[in-house]
Structure formats: structure tokens, C-alpha cells
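One file, input16.tsv, is given below (TSV, C-alpha atoms).
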```
chain	number	residue	atom	x	y	z
Y	1	MET	CA	-6.14	18.36	-14.91
Y	2	ALA	CA	-8.32	15.66	-13.45
Y	3	MET	CA	-6.90	16.04	-9.97
Y	4	PHE	CA	-8.39	19.48	-9.40
Y	5	LYS	CA	-11.84	18.97	-10.86
Y	6	GLY	CA	-14.42	20.42	-8.50
Y	7	ASP	CA	-13.84	20.74	-4.79
Y	8	SER	CA	-13.73	17.05	-4.01
Y	9	THR	CA	-10.53	15.10	-3.78
Y	10	ALA	CA	-10.06	12.72	-6.66
Y	11	HIS	CA	-7.99	10.18	-4.73
Y	12	GLY	CA	-7.99	7.73	-7.63
Y	13	GLU	CA	-5.02	9.38	-9.36
Y	14	VAL	CA	-3.19	10.36	-6.19
Y	15	GLY	CA	0.07	8.76	-5.07
Y	16	THR	CA	0.16	10.25	-1.58
Y	17	VAL	CA	-2.59	11.53	0.68
Y	18	ILE	CA	-1.84	13.38	3.91
Y	19	GLY	CA	-5.32	13.18	5.36
Y	20	ALA	CA	-6.98	15.17	8.12
Y	21	GLY	CA	-5.78	14.01	11.53
Y	22	VAL	CA	-2.29	13.24	10.26
Y	23	LYS	CA	0.90	15.25	10.67
Y	24	VAL	CA	4.01	14.87	8.51
Y	25	GLU	CA	7.40	16.28	9.51
Y	26	GLY	CA	10.49	16.19	7.31
Y	27	ASN	CA	11.45	16.38	3.70
Y	28	PHE	CA	8.66	14.84	1.74
Y	29	THR	CA	9.47	13.92	-1.87
Y	30	GLY	CA	6.51	12.37	-3.64
Y	31	GLU	CA	6.62	10.17	-6.72
Y	32	GLY	CA	3.15	11.12	-7.93
Y	33	ASN	CA	0.36	13.56	-7.14
Y	34	VAL	CA	0.08	14.67	-3.52
Y	35	VAL	CA	-3.05	15.70	-1.63
Y	36	VAL	CA	-2.66	17.49	1.71
Y	37	ASP	CA	-5.67	17.74	4.01
Y	38	GLY	CA	-3.67	17.45	7.24
Y	39	GLN	CA	-0.50	19.10	8.52
Y	40	LEU	CA	2.92	19.19	6.88
Y	41	GLN	CA	6.11	20.71	8.23
Y	42	GLY	CA	9.45	20.69	6.36
Y	43	SER	CA	9.43	20.57	2.58
Y	44	LEU	CA	7.24	19.11	-0.13
Y	45	LYS	CA	8.54	18.31	-3.58
Y	46	THR	CA	7.07	16.37	-6.50
Y	47	LYS	CA	7.27	16.52	-10.29
Y	48	HIS	CA	3.52	15.99	-10.38
Y	49	ASP	CA	0.65	17.99	-8.88
Y	50	VAL	CA	-0.15	19.09	-5.35
Y	51	GLN	CA	-3.55	19.87	-3.88
Y	52	ILE	CA	-3.69	21.58	-0.50
Y	53	GLY	CA	-7.20	21.26	0.96
Y	54	SER	CA	-9.10	23.93	2.87
Y	55	GLY	CA	-8.37	22.40	6.29
Y	56	ALA	CA	-4.67	21.84	5.64
Y	57	LEU	CA	-1.77	23.61	7.35
Y	58	VAL	CA	1.51	23.51	5.43
Y	59	LYS	CA	4.62	25.04	7.00
Y	60	ALA	CA	6.95	24.11	4.19
Y	61	ASN	CA	8.43	25.15	0.88
Y	62	VAL	CA	6.36	23.52	-1.84
Y	63	GLU	CA	7.69	22.64	-5.27
Y	64	ALA	CA	5.52	20.88	-7.86
Y	65	HIS	CA	4.01	21.10	-11.31
Y	66	ASP	CA	0.42	22.33	-10.85
Y	67	ILE	CA	-0.42	23.49	-7.33
Y	68	HIS	CA	-3.91	24.14	-5.99
Y	69	VAL	CA	-4.08	25.87	-2.61
Y	70	ALA	CA	-7.30	26.09	-0.59
Y	71	GLY	CA	-5.71	25.88	2.87
Y	72	GLU	CA	-2.94	27.66	4.74
Y	73	VAL	CA	0.65	27.68	3.47
Y	74	GLN	CA	3.57	29.27	5.29
Y	75	GLY	CA	6.52	28.94	2.93
Y	76	ASN	CA	7.68	29.54	-0.60
Y	77	VAL	CA	5.72	28.00	-3.42
Y	78	LYS	CA	7.28	27.13	-6.75
Y	79	SER	CA	5.15	25.79	-9.56
Y	80	THR	CA	6.44	24.72	-12.96
Y	81	GLY	CA	2.86	24.77	-14.21
Y	82	LYS	CA	-0.21	26.52	-12.86
Y	83	LEU	CA	-0.67	27.88	-9.34
Y	84	VAL	CA	-4.27	28.28	-8.19
Y	85	LEU	CA	-5.18	30.10	-4.98
Y	86	ALA	CA	-8.77	29.32	-4.05
Y	87	GLN	CA	-11.07	31.63	-2.09
Y	88	THR	CA	-10.09	30.04	1.23
Y	89	ALA	CA	-6.32	30.07	0.58
Y	90	LYS	CA	-3.92	31.82	2.96
Y	91	LEU	CA	-0.40	31.96	1.60
Y	92	THR	CA	2.52	33.62	3.39
Y	93	GLY	CA	5.67	33.29	1.31
Y	94	ASN	CA	7.05	33.94	-2.12
Y	95	ILE	CA	5.48	32.56	-5.26
Y	96	GLU	CA	7.21	31.48	-8.43
Y	97	ALA	CA	4.98	30.11	-11.15
Y	98	ALA	CA	4.47	30.05	-14.90
Y	99	SER	CA	0.77	30.83	-14.49
Y	100	ILE	CA	-1.17	32.11	-11.49
Y	101	SER	CA	-4.87	32.25	-10.75
Y	102	MET	CA	-6.18	33.85	-7.57
Y	103	ALA	CA	-9.79	33.79	-6.44
Y	104	GLU	CA	-11.46	36.74	-4.71
Y	105	GLY	CA	-11.00	36.31	-0.96
Y	106	ALA	CA	-7.67	34.49	-1.19
Y	107	ARG	CA	-4.97	35.97	1.06
Y	108	PHE	CA	-1.41	36.27	-0.16
Y	109	ASN	CA	1.56	37.99	1.49
Y	110	GLY	CA	4.88	37.78	-0.30
Y	111	LYS	CA	6.65	38.34	-3.56
Y	112	CYS	CA	5.44	36.95	-6.82
Y	113	SER	CA	7.52	36.19	-9.89
Y	114	MET	CA	6.51	34.57	-13.14
Y	115	GLY	CA	8.45	32.91	-15.93
Y	116	ASN	CA	8.81	36.09	-18.02
Y	117	ALA	CA	10.24	38.12	-15.11
Y	118	VAL	CA	13.62	36.50	-15.65
Y	119	HIS	CA	13.67	37.58	-19.29
Y	120	ALA	CA	12.58	41.15	-18.35
Y	121	ASP	CA	15.55	41.48	-15.97
Y	122	GLU	CA	17.89	40.20	-18.63
Y	123	ALA	CA	16.53	42.81	-21.14
Y	124	LYS	CA	17.45	45.62	-18.73
R	1	MET	CA	7.77	-30.84	-11.82
R	2	TYR	CA	4.82	-29.80	-9.67
R	3	THR	CA	4.44	-30.31	-5.93
R	4	TYR	CA	1.04	-29.58	-4.38
R	5	VAL	CA	0.87	-28.68	-0.68
R	6	VAL	CA	-2.58	-29.06	0.88
R	7	GLU	CA	-3.39	-27.04	4.01
R	8	ALA	CA	-4.59	-29.19	6.93
R	9	SER	CA	-7.90	-27.29	7.16
R	10	ALA	CA	-8.52	-27.85	3.43
R	11	ASN	CA	-7.86	-31.56	3.82
R	12	THR	CA	-11.15	-32.18	5.62
R	13	LYS	CA	-14.54	-33.68	4.78
R	14	LYS	CA	-15.96	-30.19	4.17
R	15	HIS	CA	-13.65	-29.66	1.20
R	16	GLU	CA	-13.39	-33.30	0.10
R	17	VAL	CA	-15.49	-32.84	-3.06
R	18	GLU	CA	-13.65	-29.70	-4.17
R	19	LEU	CA	-10.27	-31.34	-3.58
R	20	ALA	CA	-11.33	-34.33	-5.67
R	21	ARG	CA	-12.40	-31.95	-8.46
R	22	VAL	CA	-9.01	-30.25	-8.25
R	23	GLU	CA	-7.14	-33.55	-8.54
R	24	SER	CA	-9.23	-34.62	-11.56
R	25	ARG	CA	-8.71	-31.29	-13.29
R	26	LEU	CA	-4.94	-31.42	-12.70
R	27	ILE	CA	-4.80	-34.86	-14.34
R	28	ALA	CA	-6.95	-33.64	-17.24
R	29	LEU	CA	-4.62	-30.68	-17.79
R	30	ASP	CA	-1.56	-32.95	-17.48
R	31	ILE	CA	-0.06	-30.93	-14.63
R	32	ALA	CA	-0.50	-33.47	-11.83
R	33	GLY	CA	2.39	-33.96	-9.42
R	34	ARG	CA	3.32	-34.97	-5.90
R	35	ILE	CA	0.65	-34.11	-3.33
R	36	GLU	CA	1.76	-33.28	0.23
R	37	ARG	CA	-1.03	-33.10	2.79
R	38	LEU	CA	-0.12	-31.05	5.84
R	39	THR	CA	-0.97	-32.37	9.31
R	40	ILE	CA	-0.14	-31.21	12.81
R	41	LEU	CA	2.94	-33.43	12.65
R	42	LYS	CA	4.10	-32.34	9.21
R	43	SER	CA	5.82	-28.94	9.17
R	44	LEU	CA	5.13	-26.61	6.27
R	45	ARG	CA	8.71	-25.35	6.21
R	46	GLU	CA	10.17	-28.86	5.93
R	47	THR	CA	7.62	-29.85	3.29
R	48	LEU	CA	8.51	-26.85	1.13
R	49	ASN	CA	12.25	-27.35	1.57
R	50	ASP	CA	11.87	-31.05	0.70
R	51	ALA	CA	9.93	-30.12	-2.42
R	52	ALA	CA	12.71	-27.78	-3.56
R	53	ARG	CA	15.36	-30.43	-2.79
R	54	THR	CA	13.51	-33.02	-4.87
R	55	ALA	CA	13.74	-30.76	-7.91
R	56	ALA	CA	10.23	-29.32	-7.79
R	57	THR	CA	10.16	-26.28	-10.06
R	58	THR	CA	6.61	-25.31	-9.17
R	59	VAL	CA	5.09	-25.42	-5.69
R	60	VAL	CA	1.32	-25.02	-5.55
R	61	LEU	CA	-0.35	-24.04	-2.28
R	62	ILE	CA	-3.85	-25.49	-1.90
R	63	GLY	CA	-5.71	-23.69	0.88
R	64	SER	CA	-6.55	-20.29	2.34
R	65	ASP	CA	-4.69	-16.98	2.76
R	66	LYS	CA	-3.32	-18.36	6.04
R	67	LEU	CA	-1.34	-21.05	4.21
R	68	VAL	CA	-0.10	-18.51	1.64
R	69	ASN	CA	1.14	-16.15	4.36
R	70	GLU	CA	2.74	-18.94	6.38
R	71	ALA	CA	4.54	-20.29	3.32
R	72	MET	CA	5.94	-16.95	2.17
R	73	SER	CA	8.97	-16.80	4.46
R	74	THR	CA	10.19	-20.19	3.21
R	75	LEU	CA	9.23	-19.72	-0.44
R	76	ALA	CA	11.00	-16.33	-0.60
R	77	GLU	CA	14.28	-18.19	-0.03
R	78	LEU	CA	13.67	-20.95	-2.62
R	79	ASP	CA	14.14	-20.92	-6.37
R	80	VAL	CA	10.66	-22.13	-7.28
R	81	THR	CA	7.61	-20.77	-9.06
R	82	VAL	CA	4.58	-20.57	-6.80
R	83	GLY	CA	0.97	-21.30	-7.68
R	84	ILE	CA	-2.19	-21.05	-5.56
R	85	ILE	CA	-5.41	-23.07	-5.59
R	86	PRO	CA	-7.73	-21.31	-3.14
R	87	ILE	CA	-9.82	-23.57	-0.95
R	88	GLY	CA	-11.35	-22.60	2.42
R	89	GLU	CA	-11.57	-19.06	3.83
R	90	PRO	CA	-10.41	-16.36	3.45
R	91	THR	CA	-8.96	-16.38	-0.06
R	92	ARG	CA	-8.59	-12.65	-0.70
R	93	ILE	CA	-4.98	-13.00	-1.88
R	94	ALA	CA	-5.99	-15.40	-4.64
R	95	GLN	CA	-8.85	-13.09	-5.64
R	96	ALA	CA	-6.45	-10.15	-6.02
R	97	LEU	CA	-4.18	-12.37	-8.11
R	98	GLY	CA	-7.07	-13.23	-10.42
R	99	ILE	CA	-7.20	-16.88	-9.34
R	100	PRO	CA	-10.71	-18.39	-9.08
R	101	TYR	CA	-11.80	-20.58	-6.17
R	102	GLY	CA	-11.29	-24.33	-6.29
R	103	ALA	CA	-10.91	-26.47	-9.42
R	104	PRO	CA	-11.08	-23.58	-11.98
R	105	ALA	CA	-7.76	-22.37	-10.49
R	106	CYS	CA	-6.12	-25.38	-12.18
R	107	ASP	CA	-6.72	-23.70	-15.55
R	108	VAL	CA	-4.84	-20.62	-14.32
R	109	LEU	CA	-1.93	-22.88	-13.35
R	110	SER	CA	-2.01	-24.51	-16.77
R	111	ALA	CA	-2.04	-21.13	-18.57
R	112	ARG	CA	1.09	-20.28	-16.53
R	113	ILE	CA	1.24	-16.49	-16.62
R	114	THR	CA	4.15	-15.90	-14.24
R	115	THR	CA	5.13	-12.60	-12.72
R	116	ALA	CA	7.70	-11.51	-10.12
R	117	LEU	CA	6.01	-9.85	-7.18
R	118	ASP	CA	7.29	-7.66	-4.35
R	119	LEU	CA	7.04	-9.03	-0.82
R	120	VAL	CA	6.71	-7.32	2.55
R	121	ARG	CA	9.78	-8.12	4.70
R	122	VAL	CA	9.77	-7.74	8.50
R	123	HIS	CA	12.61	-9.16	10.63
R	124	ASN	CA	13.45	-11.80	7.97
R	125	ARG	CA	9.83	-12.85	7.65
R	126	TYR	CA	7.98	-12.31	4.38
R	127	PHE	CA	4.36	-11.51	3.64
R	128	LEU	CA	2.55	-11.18	0.34
R	129	SER	CA	-0.41	-8.96	1.06
R	130	THR	CA	-1.36	-6.83	4.07
R	131	LEU	CA	-0.22	-6.29	7.64
R	132	HIS	CA	-2.55	-4.54	10.05
R	133	LEU	CA	-2.18	-2.60	13.29
R	134	PRO	CA	-5.49	-2.20	15.10
R	135	VAL	CA	-6.49	1.14	16.57
R	136	GLY	CA	-4.43	1.62	19.69
R	137	ALA	CA	-1.92	4.04	21.09
R	138	THR	CA	-0.71	6.79	18.79
R	139	VAL	CA	2.08	5.53	16.55
R	140	THR	CA	4.91	7.25	14.73
R	141	LEU	CA	5.99	6.13	11.28
R	142	ASP	CA	9.46	6.86	9.89
R	143	CYS	CA	9.21	6.65	6.11
R	144	ASP	CA	12.38	6.00	4.11
R	145	ASP	CA	14.42	7.88	6.77
R	146	ARG	CA	13.19	11.12	5.20
R	147	TYR	CA	9.98	12.10	6.94
R	148	GLN	CA	7.92	11.17	9.96
R	149	VAL	CA	4.18	10.59	10.00
R	150	SER	CA	2.09	10.76	13.16
R	151	ALA	CA	-1.64	10.55	13.64
R	152	THR	CA	-3.04	13.21	15.94
R	153	THR	CA	-5.71	10.76	17.10
R	154	PRO	CA	-5.58	6.93	17.52
R	155	ALA	CA	-5.47	5.32	14.12
R	156	ALA	CA	-5.65	1.93	12.44
R	157	ILE	CA	-2.71	1.22	10.15
R	158	ASP	CA	-2.41	-1.09	7.16
R	159	ILE	CA	0.79	-1.98	5.36
R	160	ALA	CA	-0.30	-2.95	1.87
R	161	ASN	CA	1.38	-4.59	-1.07
R	162	PHE	CA	-1.93	-4.84	-2.94
R	163	SER	CA	-4.48	-2.03	-2.72
R	164	GLU	CA	-6.69	0.04	-4.99
R	165	SER	CA	-3.81	2.28	-5.95
R	166	SER	CA	-0.70	0.18	-5.26
R	167	ASN	CA	0.88	-2.42	-7.47
R	168	PRO	CA	2.79	-5.42	-6.09
R	169	ARG	CA	5.32	-5.04	-8.90
R	170	ASP	CA	6.30	-1.38	-8.42
R	171	GLY	CA	9.11	-1.94	-5.89
R	172	GLN	CA	7.36	-0.12	-3.07
R	173	LEU	CA	4.71	-0.67	-0.41
R	174	GLU	CA	2.02	1.61	0.97
R	175	VAL	CA	1.17	2.53	4.52
R	176	ILE	CA	-2.45	3.54	4.97
R	177	VAL	CA	-3.32	5.49	8.13
R	178	ARG	CA	-6.97	5.65	9.15
R	179	PRO	CA	-7.45	8.04	12.08
R	180	GLU	CA	-10.69	7.56	13.95
R	181	GLU	CA	-12.80	10.18	15.64
R	182	LYS	CA	-16.02	10.21	17.54
R	183	SER	CA	-18.97	10.81	15.25
R	184	GLY	CA	-21.87	13.17	15.82
R	185	PHE	CA	-24.62	13.10	18.43
R	186	PHE	CA	-26.65	10.32	16.80
R	187	SER	CA	-23.69	7.97	16.59
R	188	PHE	CA	-24.04	7.21	20.35
R	189	GLY	CA	-20.30	7.25	20.88
R	190	ARG	CA	-19.43	4.98	17.96
R	191	ARG	CA	-16.30	5.84	16.05
R	192	SER	CA	-16.12	6.53	12.34
R	193	THR	CA	-13.20	6.32	9.99
R	194	ARG	CA	-12.16	9.52	8.30
R	195	HIS	CA	-10.37	9.84	4.98
R	196	ALA	CA	-7.35	7.64	4.94
R	197	SER	CA	-3.80	8.92	4.47
R	198	VAL	CA	-1.64	7.01	2.02
R	199	PHE	CA	2.18	7.03	1.86
R	200	PRO	CA	4.26	4.93	-0.53
R	201	PHE	CA	7.55	3.71	0.97
R	202	LYS	CA	10.45	1.30	0.65
R	203	LYS	CA	11.40	1.21	4.33
R	204	LEU	CA	9.18	2.02	7.27
R	205	THR	CA	9.83	1.99	10.99
R	206	ILE	CA	6.79	1.81	13.27
R	207	ARG	CA	7.13	3.03	16.85
R	208	SER	CA	4.41	3.19	19.48
R	209	GLY	CA	6.15	4.85	22.42
R	210	ASN	CA	6.57	2.60	25.44
R	211	GLU	CA	3.59	0.45	24.51
R	212	SER	CA	4.13	-2.56	22.24
R	213	LEU	CA	1.32	-2.99	19.71
R	214	PRO	CA	0.48	-6.16	17.75
R	215	ILE	CA	1.12	-6.31	14.02
R	216	MET	CA	-1.37	-8.73	12.50
R	217	ALA	CA	-1.74	-10.79	9.34
R	218	ASP	CA	-5.05	-12.53	8.68
R	219	GLY	CA	-6.27	-11.83	12.20
R	220	GLU	CA	-3.21	-13.35	13.90
R	221	THR	CA	-0.48	-11.44	15.67
R	222	VAL	CA	2.73	-12.07	13.79
R	223	LEU	CA	4.96	-9.34	15.25
R	224	LYS	CA	5.00	-6.50	17.71
R	225	THR	CA	6.13	-2.89	17.51
R	226	PRO	CA	8.69	-1.43	17.21
R	227	ALA	CA	9.31	-2.96	13.80
R	228	THR	CA	11.03	-2.07	10.55
R	229	ILE	CA	9.18	-3.07	7.42
R	230	GLU	CA	10.83	-3.15	4.02
R	231	VAL	CA	9.93	-4.07	0.48
R	232	ALA	CA	11.67	-7.08	-1.04
R	233	PRO	CA	11.30	-6.18	-4.70
R	234	HIS	CA	10.39	-8.87	-7.24
R	235	ARG	CA	11.15	-11.56	-4.66
R	236	LEU	CA	8.55	-14.18	-5.59
R	237	LYS	CA	7.76	-15.81	-8.94
R	238	LEU	CA	4.04	-16.38	-8.91
R	239	ILE	CA	1.49	-17.79	-11.34
R	240	VAL	CA	-1.35	-15.26	-11.71
R	241	GLY	CA	-4.69	-15.08	-13.50
R	242	LYS	CA	-5.73	-12.85	-16.37
R	243	HIS	CA	-8.20	-11.02	-14.12
R	244	ARG	CA	-5.70	-9.88	-11.47
R	245	THR	CA	-6.13	-6.44	-9.89
R	246	PHE	CA	-2.79	-5.07	-11.08
R	247	ALA	CA	-1.04	-4.64	-14.44
```
Translate this file's structure into C-alpha cells.
Amino acid sequence: MAMFKGDSTAHGEVGTVIGAGVKVEGNFTGEGNVVVDGQLQGSLKTKHDVQIGSGALVKANVEAHDIHVAGEVQGNVKSTGKLVLAQTAKLTGNIEAASISMAEGARFNGKCSMGNAVHADEAK
Amino acid sequence: MYTYVVEASANTKKHEVELARVESRLIALDIAGRIERLTILKSLRETLNDAARTAATTVVLIGSDKLVNEAMSTLAELDVTVGIIPIGEPTRIAQALGIPYGAPACDVLSARITTALDLVRVHNRYFLSTLHLPVGATVTLDCDDRYQVSATTPAAIDIANFSESSNPRDGQLEVIVRPEEKSGFFSFGRRSTRHASVFPFKKLTIRSGNESLPIMADGETVLKTPATIEVAPHRLKLIVGKHRTFA
């Protein structure tokens, strides 16, 4: 996924950028990839990918395909693809994702469920 | 039938040679038509309306970005195809449309690749390219009545139809917010621009508290805040070049 290569922000493929020094409040529904380096409060939803930078503060439920978190998220995170928590990530909320990767040092408080969990419950 | 409208500032001795080249090239390409030279006494709006009334199917603007922006509000209401021959300065709009400066633009007209472009609409006025709010008081942006954007520090704001990532055919505009902050010790108090924020939208309301800020196009104040800015999708039929900046 080109969007998450390295630590830098590949703005070329991004539809929306919430940069440092900017605050967004409300229900944000993006058409393309979304990069958050500033503050977001409400909800964030896109069918594409979301990158939450190390200085970002997100107080919102986040729903997207691939999600890369390096900043602080207070809310539930739902990924239909891959969820990556970087070393600097602080996530307080529940996670739902098909695939999860968590770096050493990342902080996560909440429940975590993956795609197969649904099938396991059904088997019982 | 073609009507050519020449901006007053292009109709001067400085551009005399280039204008003569344009006229020769139009004859050579067999697309010559009526030429209307604007003066202080000749209104652009009336000239364009007259052209449409006299069955002009193509109106070609000969001049700078200023003429293009001034003509947009009238042209958006007329059923004509629009062409541009850039002469004078600045001509950034023509560049983005892939139209070369001066006489070579006649070949773009002759090739006649037409496309329907979105326009920026504010209070029944139309613009083709960019509106700008200089750094001033902190503003609040209401995007599509769904979310609100505010800069935590004073910011410059651009409303763009053309930009690196936006396309003037996609039915939406972009607001670009550039917060400024004081730089480090060696900057001696100068301000630097941080990473820009970019939000696509169809409708945007700009508020600036009790203070009214200027909204500018090509360095001139055209409106003041508060203002609601909307996209007018596929509003203008325009002749573009092969080397335009969008698909």
C-alpha cells in the first residue's frame, strides 16, 4: 500500500489531509484516502485508507479499509483490511479488523475482534 | 461562428505584434471571426451577450486570467463554447488548460478538444480557477453541512478547482488550509507555512467571526466573508489543449 510506505506522508495519493494546526468536528466521510496529522472529533469513515500521524488526536470512531495509527485515538476502530499500530500509537477503544499488526511500545486499551471471531462464536 | 474578445490591456502597443500573429494564424487555420476589442466604454458583459445573440457558437477570450475570471459569470449563463488565447500576465489558467501563450493557442482552438468543466459559484458569480483568503483572523469552514474545519492558528485559505490533486471535471472543489506559525530562532520572526490541509467539498460556508475578510481572485477582492461557495458541475464548455494538467 503506497500510502503507508515509510514514515513520511505520501500526499500524492491522498484525497483529504487534516494537517497539523487544523481541527475538524463532525461526521467526516471521505471519498478517498485520508491523512490525519491534526485533530478530529466526531466520526471518520472512508472506503479507502486512513493514516493517523504521530501528532494527531482523534476522538472519533474510525471506519476504513487499511488503517495506520501512529497518534492518539479515543474511539472504536473498524478496519476491513489491515490495522497497523505503530510504536507511538495510543488507542483507547475497541478494534475490529481482518488483520492486526502492533509494534512494541504501542498502547492499546479495549477489546479486539478479528474476522474469524464471528465464525468461532457461530461454531459454539 | 467565432467571436474573439480582446482584453483592453492586451490591445496595446506592447502586445501589438503578438495580436497580429494571432490574427494571421486564425486566418491561416480558417477560424477567423468577429473581433471585439474591449475599451473602458465597452462592457464585457454586453459584448458577450451580444456575441451570443448574434449566433456566435464559440467565444474566444484573448487576454490574461483577469479577463477569463471577469467573463465567467456571463459565460456560465450562455450556451457557447469558450476558447482562450492567453496574452499578457498572468495566464496561469491557460497554462493549466494546456493552452500555449499567444499565436500557438490558435492551433489548440483549431484542434477543438472540448470538455465540460466545473465552476466555482459564489453568490451567483462564477470563477474558473482559484479564490484566495489571505492570512487573517481565524476562520471556520462548514463543509457540505457535515463537518466543521477550524485552524487553530491564523491560516491562508485557497478554494481550488484546479490543483495538483483536484480535477475540474470531478464535480467537487477543494479547500486548502495553510496554517502559519512562527519559525525557529534564525527566522527572525518570519512566518513559515506548515503542511497544508486539503478537504474536497461541494458546498462550503466560510465564516470569520465578527470580522469580514476579503475573498480574492487574481489579487483583487471579489467578495467578503461570510460566503457560501458551491461547485457548479460541468457548467462551462471549454476548448482545452492536449497538455492540460487534468484527465
(request) Could you please select, counting only C-alpha atoms, the residues of chain Y within 9 Å of chain R and state them as a ChimeraX atom specification? (result) /Y:12-31,38,42
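Neighbouring residues of His15 (chain R) at 12 Å or closer, counting all atoms listed in the file and skipping chain neighbours under 3 positions away, are Val6, Glu7, Ala8, Ser9, Ala10, Asn11, Thr12, Glu18, Leu19, Ala20, Arg21, Val22, Ile62, Gly63, Ser64, Pro86, Ile87, Gly88, Glu89, Tyr101, Gly102 and Ala103 of chain R.
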(message) What's around region 227-236 of chain R at 8 Å? Count all atoms listed in the file, leave out sequence neighbours fewer than 3 positions away in its own chain, and write the answer as a ChimeraX atom specification.
(response) /R:75-76,81-82,116-123,169-173,202-207,223-224
For region 74-78 of chain Y, take all atoms listed in the file, fit an axis-aligned box around them, add 5 Å to each of the six sides, then output centre and edge lengths in Å rounded to one decimal, as AutoDock Vina command-line options.
```
--center_x 5.6 --center_y 28.3 --center_z -0.7 --size_x 14.1 --size_y 12.4 --size_z 22.0
```
(request) Enter the distance from CA of Thr225 (chain R) to CA of Asn167 (chain R), in Å, rounded to one decimal. (result)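 CA of Asn167 (chain R) lies 25.5 Å from CA of Thr225 (chain R).
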(request) Fewer than 4 positions away in the same chain doesn't count, so skip those; otherwise give me all residues within 8 Å of region 71-83 of chain Y, counting only C-alpha atoms, as a PyMOL selection string. (result) chain Y and resi 52-67+88-101
(message) Between CA of Leu61 (chain R) and CA of Leu133 (chain R), what distance in Å does the model show, to one decimal?
(response) 26.6 Å
(request) May I have the residues at most 12 Å from (-11.0, 39.4, 1.3) in the file's coordinates, counting only C-alpha atoms, as a VMD selection string? (result) chain Y and resid 86 to 90 102 to 108
Give me a file of those residues, with C-alpha atoms, as a compact mmCIF listing (two decimals), in the frame of the given file.
```
# COMPACT_ATOMS: atom_id res chain seq x y z
CA ALA Y 86 -8.77 29.32 -4.05
CA GLN Y 87 -11.07 31.63 -2.09
CA THR Y 88 -10.09 30.04 1.23
CA ALA Y 89 -6.32 30.07 0.58
CA LYS Y 90 -3.92 31.82 2.96
CA MET Y 102 -6.18 33.85 -7.57
CA ALA Y 103 -9.79 33.79 -6.44
CA GLU Y 104 -11.46 36.74 -4.71
CA GLY Y 105 -11.00 36.31 -0.96
CA ALA Y 106 -7.67 34.49 -1.19
CA ARG Y 107 -4.97 35.97 1.06
CA PHE Y 108 -1.41 36.27 -0.16
```
(message) Would you compute the distance between CA of Ala32 (chain R) and CA of Glu70 (chain R)? Give it in Å to one decimal.
(response) 23.5 Å
(message) Here is a test: counting all atoms listed in the file, which residue of R:Ala94, R:Pro134, R:Leu109, R:Leu128 is nearest to Arg244 (chain R)?
(response)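 Closest to Arg244 (chain R) of all the choices is R:Ala94.
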